[in-house]
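Trainee: Dropping the structure in here first, questions after.
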Amino acid sequence: MARDYYGILGVSRGASDDEIKRAYRKLARQFHPDVNPDPEAQEKFKDINAAYEVLSDDRKRQIVDLGGDPLAPGGGGAGGPGGPGAGPFVGFQDIMDAFFGGATGAGRGPRPRTRPGADAILRLELDLQETAFGVEAPITVDTAVLCTTCSGAGTAAGTHLATCEACGGRGEVQSVQRTFLGQVVSARPCTVCQGHGTTIPQPCPTCAGDGRVRTRRSLTVKIPAGVEDGMRIRLAQQGEVGPGGGTAGDLYVEIHERPHDVFSRKGDDLHCRVTVPMTAAALGTRLTIKTLDSEEPVDVKPGTQPGSTLRLRARGVPHLRGTGRGDLYVHLDVRTPTKLDVDQERMLREFAKTRGEEVAELSKQGGFFSRMRDAFNGHG
Ligand SMILES: [Zn+2]
Ligand SMILES: [Zn+2]
């Protein structure tokens with residue numbers, strides 16, 4: 001049974017070559033796998049190709065018009081082995097190029113020698129003091145910079161670029177692929193000139209033709225107050241100069257904050273721990289807290305419990321590019337005395353007695369096991 005190739009393309013039996021071509025182009029654009037990922041579209045695309053292969057070929061079309069199928073195995077004698085669409089799989093761009101003369105190809109033609117440079121990144125370690133209040137930090141940058149010998153041209157003094165003989169200056173070499181569409185011309189970058197279309201007969205001795213050299217230079221980067229670990233400061237066009245002296249990329253300075261001995265940072269808030277003796281926690285006291293940039297008197301209320309937190313407003317890190325600061329949280333640890341002399345122990349026991357708190361006396365001779373027994377027997 002012959003397939004309805006006219007129906008697949010949606011053209012009449014009397015369609016002209018032009019009409020067939022137009023119908024195919026329209027459908028190919030719609031169903032090409034590069035544009036339409038639907039699996040059904042893939043099948044449809046194969047059919048469309050097969051139909052075009054047949055109807056664009058006078059001999060095969062004649063077989064169809066006589067009721068045969070030139071693509072069926074042994075069906076029409078023409079063509080040889082292979083089913084519908086068995087020819088080389090032609091890329092969408094190649095099909096379009098075949099119709100439009102390659103004018104639609106992106107990035108065709110010589111590649112410019114001068115290209116933009118890459119961004120660079122540099123790690124900068126800072127203390128909390130510096131991230132909090134800002135700093136002008138000296139940095140050493142190791143990037144490609146413009147070659148001053150040739151100003152980026154890459155050619156030795158008094159010499160010029162030459163047209164590449166391998167590709168005639170086009171930067172690409174064309175190869176011809178024979179497909180059912182006829183000859184499809186595809187282009188590859190020229191390997192002699194790396195696609196530039198030109199060669200450098202006498203490269204600049206300083207940069208060997210690259211137009212740039214690596215160098216180490218010192219800069220000062222202004223770090224604003226309030227930056228955080230992991231933030232990046234962008235220095236426009238301080239990155240790598242591009243090949244052929246192309247515009248430099250940007251330099252990103254990534255902030256790494258060293259851990260601080262006293263303060264830990266959460267956003268713009270700071271946290272620290274302060275230990276007070278049991279007596280001070282009970283009686284209340286006044287502490288002097290050394291913040292990042294000041295000394296603050298802080299009252300510890302009588303009866304303060306372990307784990308209590310005191311908040312010092314606006315003694316944290318200044319907000320980045322804003323007004324105000326985070327807070328400082330002082331976490332209080334209460335220290336219980338570990339060794340009491342005889343007098344201290346007596347006073348503490350009397351103190352407990354006045355509060356009606358029962359404190360059993362641990363046997364001085366009993367040792368660990370008798371203490372354990374007492375605890376289990378409820379003498380604890
Ligand atoms: Zn140079
Ligand atoms: Zn070339």
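Starting from 1 in every chain, residues are counted up; chains themselves are A, B, ... following the order of the structure tokens, and ligands are numbered from 1 as listed.
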Per residue of chain A within 6 Å of ligand 1, note the shortest atom pair and the distance in Å to one decimal, counting only C-alpha atoms and all ligand atoms, and order the rows by chain and increasing residue number, as a tab-separated table.
Mentor:
residue	atom	partner	partner_atom_place_in_ligand_line	distance
A:Cys147	CA	ligand 1	1 (Zn)	4.6
A:Thr149	CA	ligand 1	1 (Zn)	4.9
A:Cys150	CA	ligand 1	1 (Zn)	4.1
A:Gly152	CA	ligand 1	1 (Zn)	5.7
A:Gly154	CA	ligand 1	1 (Zn)	4.7
A:Cys204	CA	ligand 1	1 (Zn)	4.6
A:Thr206	CA	ligand 1	1 (Zn)	5.0
A:Cys207	CA	ligand 1	1 (Zn)	4.1
A:Gly209	CA	ligand 1	1 (Zn)	5.8
A:Gly211	CA	ligand 1	1 (Zn)	4.6
Trainee: Could you save those same residues with N, CA, C and O atoms as an mmCIF file, in the first residue's frame?
Mentor:
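Result file is out.cif:
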data_model
loop_
_atom_site.group_PDB
_atom_site.id
_atom_site.type_symbol
_atom_site.label_atom_id
_atom_site.label_comp_id
_atom_site.auth_asym_id
_atom_site.auth_seq_id
_atom_site.Cartn_x
_atom_site.Cartn_y
_atom_site.Cartn_z
ATOM 1 N N CYS A 147 48.691 44.032 27.037
ATOM 2 C CA CYS A 147 50.119 44.039 26.685
ATOM 3 C C CYS A 147 50.471 45.441 26.195
ATOM 4 O O CYS A 147 49.896 45.923 25.211
ATOM 5 N N THR A 149 53.296 46.405 25.005
ATOM 6 C CA THR A 149 54.201 46.401 23.843
ATOM 7 C C THR A 149 53.405 46.577 22.546
ATOM 8 O O THR A 149 53.771 47.345 21.659
ATOM 9 N N CYS A 150 52.282 45.844 22.442
ATOM 10 C CA CYS A 150 51.521 45.872 21.186
ATOM 11 C C CYS A 150 50.141 46.496 21.383
ATOM 12 O O CYS A 150 49.331 46.523 20.455
ATOM 13 N N GLY A 152 47.672 45.312 22.689
ATOM 14 C CA GLY A 152 46.604 44.325 22.496
ATOM 15 C C GLY A 152 46.500 43.767 21.090
ATOM 16 O O GLY A 152 45.769 42.810 20.859
ATOM 17 N N GLY A 154 48.724 42.152 19.320
ATOM 18 C CA GLY A 154 49.316 40.827 19.211
ATOM 19 C C GLY A 154 50.398 40.718 18.158
ATOM 20 O O GLY A 154 51.043 39.678 18.030
ATOM 21 N N CYS A 204 53.811 39.490 18.621
ATOM 22 C CA CYS A 204 54.457 40.384 19.585
ATOM 23 C C CYS A 204 55.318 39.553 20.533
ATOM 24 O O CYS A 204 54.838 38.552 21.071
ATOM 25 N N THR A 206 56.350 40.111 23.444
ATOM 26 C CA THR A 206 56.000 40.192 24.869
ATOM 27 C C THR A 206 54.847 39.262 25.217
ATOM 28 O O THR A 206 54.858 38.580 26.235
ATOM 29 N N CYS A 207 53.817 39.231 24.377
ATOM 30 C CA CYS A 207 52.602 38.482 24.723
ATOM 31 C C CYS A 207 52.385 37.287 23.803
ATOM 32 O O CYS A 207 51.376 36.592 23.926
ATOM 33 N N GLY A 209 51.400 37.155 20.942
ATOM 34 C CA GLY A 209 50.237 37.311 20.068
ATOM 35 C C GLY A 209 48.903 37.362 20.792
ATOM 36 O O GLY A 209 47.872 37.608 20.186
ATOM 37 N N GLY A 211 47.966 39.504 23.071
ATOM 38 C CA GLY A 211 47.489 40.876 23.316
ATOM 39 C C GLY A 211 47.398 41.226 24.791
ATOM 40 O O GLY A 211 46.963 42.312 25.154
#
Trainee: Enumerate as a ChimeraX atom specification all residues of segment 266-325 of chain A assigned to strand (DSSP E or B) by DSSP on the backbone, naming them with the chain letters and numbers the document uses.
Mentor: /A:266,269-277,285-290,295-300,309-312,318,325
Trainee: Using only C-alpha atoms and all ligand atoms, can you tell me which of A:Ala248, A:Cys167, A:Val241, A:Val262 comes closest to ligand 2?
Mentor: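 For ligand 2, the nearest of the given residues is A:Cys167.
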Trainee: Between A:Thr198, A:Thr215, A:Ser56, A:Thr140, single out the one closest to Leu9 of chain A, counting only C-alpha atoms.
Mentor: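 The shortest atom-to-atom distance to Leu9 of chain A comes from A:Ser56.
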Trainee: Provide the atom CA of Pro337 of chain A to atom CA of Gly356 of chain A distance in Å, to one decimal place.
Mentor: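 Computing it gives 20.9 Å between the two atoms.
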Trainee: Step by step, measure atom-to-atom distances between ligand 2 and each residue using only C-alpha atoms and all ligand atoms, keep those at most 8 Å, then write them as a ChimeraX atom specification.
Mentor: /A:163-173,189-199
Trainee: Using Å and a single decimal, report how far atom CA of Arg115 of chain A sits from atom CA of Leu146 of chain A.
Mentor: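 Atom CA of Leu146 of chain A sits 12.4 Å away from atom CA of Arg115 of chain A.
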Trainee: Which residue gives the smallest distance to Glu130 of chain A among A:Gly245, A:Gly14, A:Gly324, A:Gly226, with only C-alpha atoms counted?
Mentor: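 For Glu130 of chain A, the nearest of the given residues is A:Gly226.
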Trainee: Enter the distance from atom CA of Asp127 of chain A to atom CA of His256 of chain A, in Å, rounded to one decimal.
Mentor: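 Rounded to one decimal, the two atoms are 8.5 Å apart.
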Trainee: Mind checking which residues fall within 8 Å of Gly284 of chain A, counting only C-alpha atoms, ignoring those fewer than 5 positions away in the same chain, and posting them as a VMD selection string?
Mentor: chain A and resid 279 299 to 304
Trainee: For the residues in that selection, give me C-alpha atoms as a PDB file, in the first residue's frame.
Mentor:
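This is the output file again06.pdb:
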ATOM      1  CA  THR A 279      26.746  35.147  94.578  1.00  0.00           C
ATOM      2  CA  ASP A 299      23.318  45.647  85.431  1.00  0.00           C
ATOM      3  CA  VAL A 300      22.794  42.005  86.315  1.00  0.00           C
ATOM      4  CA  LYS A 301      19.567  41.902  88.317  1.00  0.00           C
ATOM      5  CA  PRO A 302      19.442  40.117  91.658  1.00  0.00           C
ATOM      6  CA  GLY A 303      18.230  36.568  91.210  1.00  0.00           C
ATOM      7  CA  THR A 304      19.556  36.164  87.670  1.00  0.00           C
TER       8      THR A 304
END
Trainee: For Ala28 of chain A, which residue out of A:Thr114, A:Thr291, A:Gln237, A:Asn49 is the nearest one, using only C-alpha atoms?
Mentor: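 Among A:Thr114, A:Thr291, A:Gln237, A:Asn49, it is A:Asn49 that comes nearest to Ala28 of chain A.
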Trainee: When distances are computed from only C-alpha atoms, which of A:Val145, A:Val221, A:Val227, A:Val11 shows the smallest separation from Phe133 of chain A?
Mentor: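 Closest candidate: A:Val227.
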Trainee: Tell me which protein, DNA and RNA residues are within 9 Å of Leu270 of chain A, counting only C-alpha atoms, leaving out same-chain ones fewer than 6 positions away, and put them as a ChimeraX atom specification.
Mentor: /A:263-264,315-317,326-330
Trainee: Only C-alpha atoms, please: the residues just picked out, written as a PDB file, in the first residue's frame.
Mentor:
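Result saved to out.pdb:
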ATOM      1  CA  PHE A 263      31.791  37.496  69.679  1.00  0.00           C
ATOM      2  CA  SER A 264      29.884  35.228  67.388  1.00  0.00           C
ATOM      3  CA  ARG A 315      25.921  47.478  70.083  1.00  0.00           C
ATOM      4  CA  GLY A 316      26.108  44.910  67.272  1.00  0.00           C
ATOM      5  CA  VAL A 317      27.297  45.283  63.690  1.00  0.00           C
ATOM      6  CA  GLY A 326      22.304  45.129  65.278  1.00  0.00           C
ATOM      7  CA  ASP A 327      22.168  44.252  68.973  1.00  0.00           C
ATOM      8  CA  LEU A 328      24.613  42.597  71.299  1.00  0.00           C
ATOM      9  CA  TYR A 329      23.289  39.682  73.323  1.00  0.00           C
ATOM     10  CA  VAL A 330      25.188  38.801  76.486  1.00  0.00           C
TER      11      VAL A 330
END
Trainee: From a DSSP pass on the backbone, collect the residues of segment 301-349 of chain A flagged as helix (DSSP H, G or I) and hand them back as a count of residues only.
Mentor: 8
Trainee: Excluding His260 of chain A and any residue of its chain fewer than 6 positions from it, enumerate the residues within 12 Å of it, using only C-alpha atoms, and give them as a PDB file with N, CA, C and O atoms, in the first residue's frame.
Mentor:
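Printed below is selection_0.pdb as written:
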ATOM      1  N   LEU A 126      38.980  39.011  56.593  1.00  0.00           N
ATOM      2  CA  LEU A 126      38.874  40.209  57.420  1.00  0.00           C
ATOM      3  C   LEU A 126      38.488  39.826  58.840  1.00  0.00           C
ATOM      4  O   LEU A 126      37.843  38.804  59.068  1.00  0.00           O
ATOM      5  N   ASP A 127      38.879  40.679  59.779  1.00  0.00           N
ATOM      6  CA  ASP A 127      38.440  40.503  61.163  1.00  0.00           C
ATOM      7  C   ASP A 127      37.044  41.067  61.305  1.00  0.00           C
ATOM      8  O   ASP A 127      36.603  41.888  60.497  1.00  0.00           O
ATOM      9  N   LEU A 128      36.377  40.660  62.379  1.00  0.00           N
ATOM     10  CA  LEU A 128      35.033  41.175  62.654  1.00  0.00           C
ATOM     11  C   LEU A 128      35.043  42.702  62.753  1.00  0.00           C
ATOM     12  O   LEU A 128      34.146  43.371  62.257  1.00  0.00           O
ATOM     13  N   GLN A 129      36.085  43.218  63.374  1.00  0.00           N
ATOM     14  CA  GLN A 129      36.224  44.672  63.490  1.00  0.00           C
ATOM     15  C   GLN A 129      36.155  45.331  62.104  1.00  0.00           C
ATOM     16  O   GLN A 129      35.530  46.373  61.927  1.00  0.00           O
ATOM     17  N   GLU A 130      36.778  44.698  61.130  1.00  0.00           N
ATOM     18  CA  GLU A 130      36.846  45.271  59.776  1.00  0.00           C
ATOM     19  C   GLU A 130      35.543  45.105  59.009  1.00  0.00           C
ATOM     20  O   GLU A 130      35.098  46.016  58.313  1.00  0.00           O
ATOM     21  N   THR A 131      34.914  43.942  59.141  1.00  0.00           N
ATOM     22  CA  THR A 131      33.646  43.760  58.442  1.00  0.00           C
ATOM     23  C   THR A 131      32.581  44.653  59.067  1.00  0.00           C
ATOM     24  O   THR A 131      31.692  45.155  58.388  1.00  0.00           O
ATOM     25  N   ALA A 132      32.679  44.865  60.362  1.00  0.00           N
ATOM     26  CA  ALA A 132      31.664  45.657  61.064  1.00  0.00           C
ATOM     27  C   ALA A 132      31.772  47.137  60.709  1.00  0.00           C
ATOM     28  O   ALA A 132      30.761  47.789  60.436  1.00  0.00           O
ATOM     29  N   LEU A 270      25.315  40.388  67.513  1.00  0.00           N
ATOM     30  CA  LEU A 270      26.477  39.704  68.070  1.00  0.00           C
ATOM     31  C   LEU A 270      26.064  38.993  69.351  1.00  0.00           C
ATOM     32  O   LEU A 270      25.127  39.418  70.034  1.00  0.00           O
ATOM     33  N   HIS A 271      26.749  37.911  69.637  1.00  0.00           N
ATOM     34  CA  HIS A 271      26.479  37.158  70.858  1.00  0.00           C
ATOM     35  C   HIS A 271      27.792  36.902  71.582  1.00  0.00           C
ATOM     36  O   HIS A 271      28.814  36.650  70.945  1.00  0.00           O
ATOM     37  N   CYS A 272      27.746  37.010  72.932  1.00  0.00           N
ATOM     38  CA  CYS A 272      28.912  36.630  73.711  1.00  0.00           C
ATOM     39  C   CYS A 272      28.450  36.010  75.022  1.00  0.00           C
ATOM     40  O   CYS A 272      27.275  36.100  75.382  1.00  0.00           O
ATOM     41  N   LEU A 292      32.381  45.792  70.642  1.00  0.00           N
ATOM     42  CA  LEU A 292      33.345  45.962  69.548  1.00  0.00           C
ATOM     43  C   LEU A 292      34.022  47.323  69.612  1.00  0.00           C
ATOM     44  O   LEU A 292      35.187  47.462  69.259  1.00  0.00           O
TER      45      LEU A 292
END
